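*Asks:* Contents of input_39.txt (compact mmCIF, C-alpha atoms and all ligand atoms) are given next:
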```txt
# COMPACT_ATOMS: atom_id res chain seq x y z
CA MET A 1 125.77 76.87 -144.61
CA THR A 2 128.88 78.53 -143.20
CA GLU A 3 130.59 77.51 -139.94
CA THR A 4 133.18 79.71 -138.25
CA ASP A 5 134.69 80.59 -134.89
CA ALA A 6 132.96 83.84 -133.84
CA ILE A 7 132.38 86.27 -130.99
CA SER A 8 129.05 88.02 -130.40
CA LEU A 9 129.48 91.80 -130.46
CA ARG A 10 125.94 93.11 -130.08
CA VAL A 11 122.42 91.81 -129.56
CA THR A 12 119.18 93.64 -130.33
CA PRO A 13 115.66 92.28 -129.69
CA TYR A 14 113.63 91.92 -132.87
CA GLY A 15 109.89 91.35 -132.84
CA GLU A 16 108.35 89.07 -130.24
CA ALA A 17 110.89 86.28 -130.08
CA ASP A 18 113.86 86.95 -132.33
CA LEU A 19 117.24 88.57 -131.85
CA ILE A 20 119.45 90.41 -134.30
CA VAL A 21 123.03 89.53 -133.47
CA THR A 22 126.23 91.12 -134.76
CA PHE A 23 129.25 88.79 -134.71
CA LEU A 24 132.92 89.17 -135.47
CA ALA A 25 133.89 85.93 -137.19
CA ALA A 26 137.35 84.46 -137.79
CA GLU A 27 136.21 83.82 -141.35
CA GLY A 28 133.92 86.36 -142.96
CA GLY A 29 134.53 89.29 -140.61
CA LYS A 30 131.49 91.16 -139.34
CA VAL A 31 128.26 89.23 -139.78
CA ARG A 32 124.79 90.39 -138.86
CA GLY A 33 122.14 87.75 -138.50
CA ILE A 34 118.70 86.97 -137.24
CA ALA A 35 118.41 84.32 -134.53
CA ARG A 36 114.85 83.13 -134.73
CA ALA A 37 113.01 82.31 -131.50
CA ALA A 38 116.24 82.96 -129.59
CA ARG A 39 114.35 84.77 -126.84
CA ARG A 40 111.95 81.82 -126.37
CA SER A 41 114.34 78.90 -126.55
CA ARG A 42 118.00 78.92 -125.59
CA LYS A 43 118.55 75.34 -126.77
CA ARG A 44 119.88 76.12 -130.20
CA PHE A 45 122.27 78.78 -129.04
CA GLY A 46 124.13 77.03 -126.25
CA ALA A 47 124.98 79.31 -123.35
CA GLY A 48 123.44 82.15 -125.31
CA LEU A 49 124.24 84.89 -127.73
CA ASP A 50 125.23 87.52 -125.16
CA PRO A 51 127.92 89.98 -126.26
CA GLY A 52 131.41 88.64 -125.55
CA ASN A 53 130.35 84.98 -125.92
CA ARG A 54 132.51 82.91 -128.27
CA GLY A 55 131.35 79.83 -130.11
CA LEU A 56 131.07 78.03 -133.41
CA LEU A 57 128.67 80.11 -135.48
CA SER A 58 126.68 78.43 -138.22
CA HIS A 59 124.62 80.57 -140.54
CA HIS A 60 123.19 80.67 -144.03
CA THR A 61 122.02 83.40 -146.36
CA GLN A 62 118.40 83.59 -147.30
CA GLY A 63 117.28 85.17 -150.54
CA ARG A 64 118.44 88.72 -150.91
CA SER A 65 118.20 89.61 -147.24
CA GLU A 66 121.19 91.53 -145.92
CA LEU A 67 120.80 89.57 -142.68
CA VAL A 68 122.03 85.99 -142.52
CA THR A 69 120.00 83.39 -140.63
CA VAL A 70 121.79 82.19 -137.51
CA ASP A 71 121.39 78.40 -137.24
CA GLY A 72 123.51 77.79 -134.18
CA PHE A 73 126.24 79.03 -131.86
CA ALA A 74 127.68 75.74 -130.67
CA GLY A 75 129.78 75.58 -127.52
CA ALA A 76 129.15 79.26 -126.80
CA ARG A 77 130.84 80.37 -123.62
CA PRO A 78 131.16 83.75 -121.94
CA PRO A 79 134.55 85.48 -121.57
CA ASP A 80 136.56 85.15 -118.37
CA LEU A 81 136.13 88.54 -116.67
CA GLY A 82 139.27 88.15 -114.54
CA PRO A 83 139.70 89.00 -110.85
CA ASP A 84 137.73 92.26 -111.09
CA PRO A 85 134.53 91.21 -112.94
CA VAL A 86 133.03 94.72 -113.11
CA SER A 87 136.13 96.26 -114.74
CA GLY A 88 136.58 93.15 -116.90
CA PHE A 89 132.99 93.37 -118.14
CA THR A 90 133.25 97.11 -118.81
CA VAL A 91 136.51 97.00 -120.79
CA ILE A 92 135.41 93.93 -122.78
CA HIS A 93 132.27 95.77 -123.86
CA VAL A 94 134.35 98.74 -125.07
CA ALA A 95 136.47 96.30 -127.12
CA LEU A 96 133.34 94.67 -128.60
CA GLU A 97 131.86 98.04 -129.57
CA ALA A 98 135.22 99.13 -131.05
CA CYS A 99 135.21 96.00 -133.27
CA ASP A 100 131.65 96.78 -134.30
CA VAL A 101 132.35 100.38 -135.36
CA LEU A 102 135.65 99.55 -137.09
CA SER A 103 134.30 96.60 -139.06
CA VAL A 104 132.29 96.62 -142.26
CA GLU A 105 130.17 93.62 -143.23
CA GLY A 106 131.74 91.46 -145.89
CA GLU A 107 135.28 92.67 -145.17
CA ASN A 108 137.96 90.24 -143.97
CA ALA A 109 138.70 90.86 -140.28
CA ALA A 110 140.76 87.80 -139.37
CA ARG A 111 143.49 89.91 -137.73
CA ARG A 112 140.97 91.97 -135.78
CA PHE A 113 139.37 88.73 -134.59
CA ARG A 114 142.75 87.46 -133.33
CA ILE A 115 143.46 90.77 -131.57
CA LEU A 116 140.06 90.58 -129.84
CA VAL A 117 140.72 86.96 -128.77
CA GLU A 118 144.11 88.04 -127.37
CA MET A 119 142.52 90.92 -125.45
CA LEU A 120 139.90 88.60 -123.92
CA GLY A 121 142.76 86.31 -122.89
CA LEU A 122 144.64 89.18 -121.24
CA VAL A 123 141.59 90.18 -119.17
CA GLY A 124 141.04 86.56 -118.14
CA ALA A 125 144.73 86.24 -117.20
CA ALA A 126 144.37 89.13 -114.74
CA ALA A 127 146.15 91.84 -116.71
CA GLU A 128 145.19 95.32 -115.49
CA PRO A 129 141.88 95.71 -117.40
CA HIS A 130 142.58 99.25 -118.60
CA ALA A 131 146.10 98.33 -119.76
CA ALA A 132 144.64 95.39 -121.70
CA LEU A 133 142.03 97.72 -123.25
CA ALA A 134 144.64 100.40 -124.07
CA TRP A 135 146.77 97.76 -125.81
CA PHE A 136 143.71 96.48 -127.67
CA LEU A 137 142.58 99.96 -128.86
CA ALA A 138 146.11 100.92 -129.99
CA THR A 139 146.49 97.61 -131.85
CA VAL A 140 143.11 97.62 -133.64
CA LEU A 141 143.50 101.30 -134.57
CA ALA A 142 146.97 100.56 -136.02
CA ASP A 143 145.52 97.54 -137.86
CA ALA A 144 142.84 99.84 -139.35
CA GLY A 145 145.55 102.24 -140.60
CA PHE A 146 145.51 104.71 -137.70
CA ALA A 147 148.67 103.85 -135.77
CA PRO A 148 148.68 105.98 -132.60
CA ARG A 149 151.68 108.22 -131.87
CA PHE A 150 152.45 109.44 -128.37
CA ASP A 151 156.25 109.85 -128.41
CA ALA A 152 156.64 113.01 -130.53
CA CYS A 153 154.65 115.66 -132.38
CA VAL A 154 152.94 114.05 -135.39
CA ARG A 155 153.18 117.26 -137.44
CA CYS A 156 156.74 118.53 -136.93
CA GLY A 157 158.36 115.48 -135.31
CA SER A 158 159.83 117.47 -132.42
CA ALA A 159 159.79 116.33 -128.79
CA LEU A 160 156.59 117.05 -126.85
CA GLY A 161 157.17 119.98 -124.55
CA ALA A 162 154.69 121.54 -122.16
CA GLN A 163 151.14 122.21 -123.45
CA ALA A 164 151.14 119.34 -125.93
CA ARG A 165 147.72 118.05 -126.91
CA PHE A 166 146.15 114.92 -128.37
CA ASP A 167 144.71 115.30 -131.86
CA ALA A 168 141.86 112.75 -132.05
CA SER A 169 141.57 113.02 -135.83
CA ARG A 170 145.23 111.97 -136.25
CA VAL A 171 145.30 109.60 -133.26
CA ALA A 172 148.50 111.37 -132.25
CA MET A 173 150.09 114.01 -130.06
CA VAL A 174 150.85 117.49 -131.36
CA CYS A 175 153.25 119.97 -129.75
CA ALA A 176 152.18 123.41 -128.46
CA ARG A 177 153.53 125.16 -131.59
CA CYS A 178 151.52 122.94 -133.95
CA SER A 179 148.35 122.73 -131.88
CA SER A 180 145.76 125.44 -132.11
CA ASP A 181 142.75 123.70 -130.56
CA ALA A 182 142.51 125.19 -127.07
CA SER A 183 139.33 123.19 -126.40
CA VAL A 184 141.44 120.03 -125.98
CA ALA A 185 143.14 119.48 -122.62
CA THR A 186 146.93 119.51 -122.55
CA ILE A 187 148.91 116.45 -121.47
CA GLU A 188 152.12 116.50 -119.48
CA PRO A 189 155.06 115.23 -121.58
CA SER A 190 155.99 112.75 -118.83
CA LEU A 191 152.48 111.25 -118.90
CA ALA A 192 152.54 111.11 -122.73
CA SER A 193 155.81 109.17 -122.62
CA ARG A 194 154.35 106.74 -120.05
CA VAL A 195 151.37 106.25 -122.42
CA ALA A 196 153.81 105.63 -125.30
CA ALA A 197 155.65 103.02 -123.20
CA LEU A 198 152.46 101.22 -122.11
CA ARG A 199 152.36 97.43 -122.51
CA PRO A 200 149.39 95.12 -121.95
CA ASP A 201 151.03 93.82 -118.76
CA SER A 202 151.97 97.28 -117.46
CA SER A 203 150.93 98.28 -113.97
CA ASP A 204 150.59 102.02 -114.55
CA PRO A 205 146.87 102.64 -114.01
CA GLU A 206 147.09 106.39 -114.68
CA ALA A 207 148.84 105.92 -118.05
CA ALA A 208 146.44 103.08 -118.95
CA ARG A 209 143.35 105.16 -118.17
CA THR A 210 144.75 108.14 -120.07
CA ALA A 211 145.50 105.93 -123.08
CA VAL A 212 141.97 104.47 -123.00
CA GLU A 213 140.44 107.93 -122.85
CA LEU A 214 142.58 109.33 -125.71
CA LEU A 215 142.25 106.29 -127.96
CA GLY A 216 138.55 106.07 -127.12
CA THR A 217 138.09 109.69 -128.20
CA ALA A 218 139.93 108.91 -131.45
CA LEU A 219 137.62 105.95 -132.04
CA GLU A 220 134.56 108.14 -131.43
CA HIS A 221 135.98 110.66 -133.87
CA LEU A 222 136.28 107.92 -136.50
CA ALA A 223 132.81 106.57 -135.75
CA GLY A 224 131.29 110.06 -135.80
CA ARG A 225 129.42 109.32 -132.58
CA ARG A 226 129.81 108.53 -128.91
CA LEU A 227 130.38 104.89 -127.98
CA ARG A 228 127.88 103.61 -125.43
CA ALA A 229 130.30 101.24 -123.73
CA LEU A 230 132.89 104.01 -123.44
CA GLU A 231 130.32 106.36 -121.89
CA PHE A 232 129.52 103.60 -119.41
CA LEU A 233 133.24 103.19 -118.60
CA ARG A 234 133.64 106.95 -118.07
CA ALA A 235 130.61 107.00 -115.76
CA ALA A 236 131.94 104.00 -113.81
CA ARG A 237 135.29 105.76 -113.31
CA SER A 238 133.84 108.98 -112.00
CA ALA A 239 131.34 107.21 -109.72
ZN ZN B 301 154.83 120.13 -133.66
```
Can you give me the file's structure in the form of structure tokens?

*Replies:*
Amino acid sequence: MTETDAISLRVTPYGEADLIVTFLAAEGGKVRGIARAARRSRKRFGAGLDPGNRGLLSHHTQGRSELVTVDGFAGARPPDLGPDPVSGFTVIHVALEACDVLSVEGENAARRFRILVEMLGLVGAAAEPHAALAWFLATVLADAGFAPRFDACVRCGSALGAQARFDASRVAMVCARCSSDASVATIEPSLASRVAALRPDSSDPEAARTAVELLGTALEHLAGRRLRALEFLRAARSA
């Protein structure tokens, strides 16, 4: 049996009573497991297996199944959503889905786990939720080898003039001379430099939201699909 600090990323009902749960674990990275009878009895799984909950995961492998068996999630507690619970909940779910799409089962993800823990702490400590999420996305993308670049053109290195665009496949800005994709909206150089200067404790909501949208698009490009939590965040913004 393995025991590790872990955060639940995703929960899917399975059969009559079971749940399939995806975790990001401090040791072992992404783990997918079956929690038997979890929908009937909550006793074994503490406060529950809901996405965002953190606890001490115990699991064991069974035969040749690719799913582990979840034995317990001791001391599980939900994340602190901060002073604006709706925004806190929404940005945390984008972070959880980002961890899910960036992580491969069996791969070490100790750094990603620490970055996620830090992001949850920022939201709980009342950082502007979108600034916390922008910091998180930039940091996990850099950790995965896709360091974002907003301060200059990624192709020619020159300063971003008017009509610069974000290239989602490179997670970076390109200048008007180097960019040919007219389907992508242009970004004012002053806004791009505010995005480049963004910190998790920044109070620049416009730059934070722009960063989340651009980095979210880059993540969707990497994943090859739309992210549900990001779609939800976009809908919440325009509502
Ligand atoms: Zn250029």

*Asks:* Which is closest to A:Asp143 among A:Leu230, A:Leu96, A:Leu116, A:Leu214, if we use all atoms listed in the file?

*Replies:*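 Checking each of A:Leu230, A:Leu96, A:Leu116, A:Leu214 against A:Asp143, counting all atoms listed in the file, the winner is A:Leu116.
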
*Asks:* Excluding A:Pro85 and any residue of its chain fewer than 6 positions from it, enumerate the residues within 10 Å of it, using all atoms listed in the file, and give them as a list in words.

*Replies:* Val91, Val123, Gly124 and Pro129 of chain A

*Asks:* Could you jot down the atom CA of A:Arg77 to atom CA of A:Met1 separation for me, Å, one decimal place?

*Replies:*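 Spanning atom CA of A:Arg77 to atom CA of A:Met1 is a straight-line distance of 21.9 Å.
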
*Asks:* Report the distance between atom CA of A:Arg165 and atom CA of A:Ala192 in Å, rounded to one decimal place.

*Replies:*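 Answer for the atom CA of A:Arg165 to atom CA of A:Ala192 separation: 9.4 Å.
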
*Asks:* Ligand ZN 301 (chain B): which residues are within 6 Å, counting only C-alpha atoms and all ligand atoms, as a list in words?

*Replies:*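 Written in the requested form, the residues are Cys153, Arg155, Cys156, Ser158, Val174, Cys175, Arg177 and Cys178 of chain A.
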
*Asks:* Calculate how many Å separate atom CA of A:Arg39 from atom CA of A:Phe73, rounding to one decimal.

*Replies:*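 Those two atoms sit 14.1 Å apart.
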
*Asks:* For a quick check of understanding, using all atoms listed in the file, which of A:Phe23, A:Phe113, A:Phe45, A:Phe136 has the smallest distance to A:Ala208?

*Replies:* A:Phe136

*Asks:* Using only C-alpha atoms, which of A:Ala144, A:Ile7, A:Leu133, A:Ala138 sits nearest A:Ala76?

*Replies:* A:Ile7

*Asks:* Just want the 12 Å neighbourhood of A:Ser190, counted on all atoms listed in the file, with same-chain residues fewer than 5 positions away dropped. Output as a ChimeraX atom specification.

*Replies:* /A:150-152,159-164,195-197,206-207

*Asks:* Give me the residues near A:His130 as a VMD selection string, where near means some atom within 12 Å (using all atoms listed in the file) and where sequence neighbours in that chain fewer than 2 positions away do not count.

*Replies:* chain A and resid 84 86 to 92 94 to 95 119 122 to 123 126 to 128 132 to 137 195 198 to 213 215 to 216 230 233 to 234 237

*Asks:* Got a sec to check which residues sit within 9 Å of (146.6, 111.4, -139.9), counting only C-alpha atoms, and write them as a list in words?

*Replies:*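 In the file's frame, the residues around the point are Phe146, Ala147, Val154, Ser169, Arg170, Val171 and Ala172 of chain A.
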
*Asks:* Extract, using all atoms listed in the file, all DNA, RNA and protein residues at most 10 Å from A:Asp100, discarding same-chain residues fewer than 3 positions from it, and format them as number ranges by chain.

*Replies:* A: 8-10, 22-24, 30-31, 94-97, 103-105, 223

*Asks:* Could those selected residues go to a file with C-alpha atoms, as a short mmCIF file (atom, residue, chain, number, x, y, z; two decimals), in the frame of the given file?

*Replies:*
```cif
data_model
loop_
_atom_site.label_atom_id
_atom_site.label_comp_id
_atom_site.auth_asym_id
_atom_site.auth_seq_id
_atom_site.Cartn_x
_atom_site.Cartn_y
_atom_site.Cartn_z
CA SER A 8 129.05 88.02 -130.40
CA LEU A 9 129.48 91.80 -130.46
CA ARG A 10 125.94 93.11 -130.08
CA THR A 22 126.23 91.12 -134.76
CA PHE A 23 129.25 88.79 -134.71
CA LEU A 24 132.92 89.17 -135.47
CA LYS A 30 131.49 91.16 -139.34
CA VAL A 31 128.26 89.23 -139.78
CA VAL A 94 134.35 98.74 -125.07
CA ALA A 95 136.47 96.30 -127.12
CA LEU A 96 133.34 94.67 -128.60
CA GLU A 97 131.86 98.04 -129.57
CA SER A 103 134.30 96.60 -139.06
CA VAL A 104 132.29 96.62 -142.26
CA GLU A 105 130.17 93.62 -143.23
CA ALA A 223 132.81 106.57 -135.75
#
```

*Asks:* List the spatial neighbours of A:Ser41 as a PyMOL selection string - criterion: any atom at most 10 Å away, only C-alpha atoms, same-chain residues fewer than 5 positions off excluded.

*Replies:* chain A and resi 17-18+36+46+48

*Asks:* Considering only C-alpha atoms, state which residue in the set A:Val117, A:Leu67, A:Ala142, A:Ala168 is at the smallest distance from A:Ala26.

*Replies:*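 Under the stated criterion, the closest residue is A:Val117.
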
*Asks:* Between A:Leu49, A:Ile34, A:Ala110, A:Ala74, which is the closest to A:Thr61 once you count all atoms listed in the file?

*Replies:*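 Under the stated criterion, the closest residue is A:Ile34.
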
*Asks:* Of the residues A:Gly52, A:Gly29, A:Asp5, A:Ala182, which is the one nearest to A:Ala109, using all atoms listed in the file?

*Replies:*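 For A:Ala109, the nearest of the candidates is A:Gly29.
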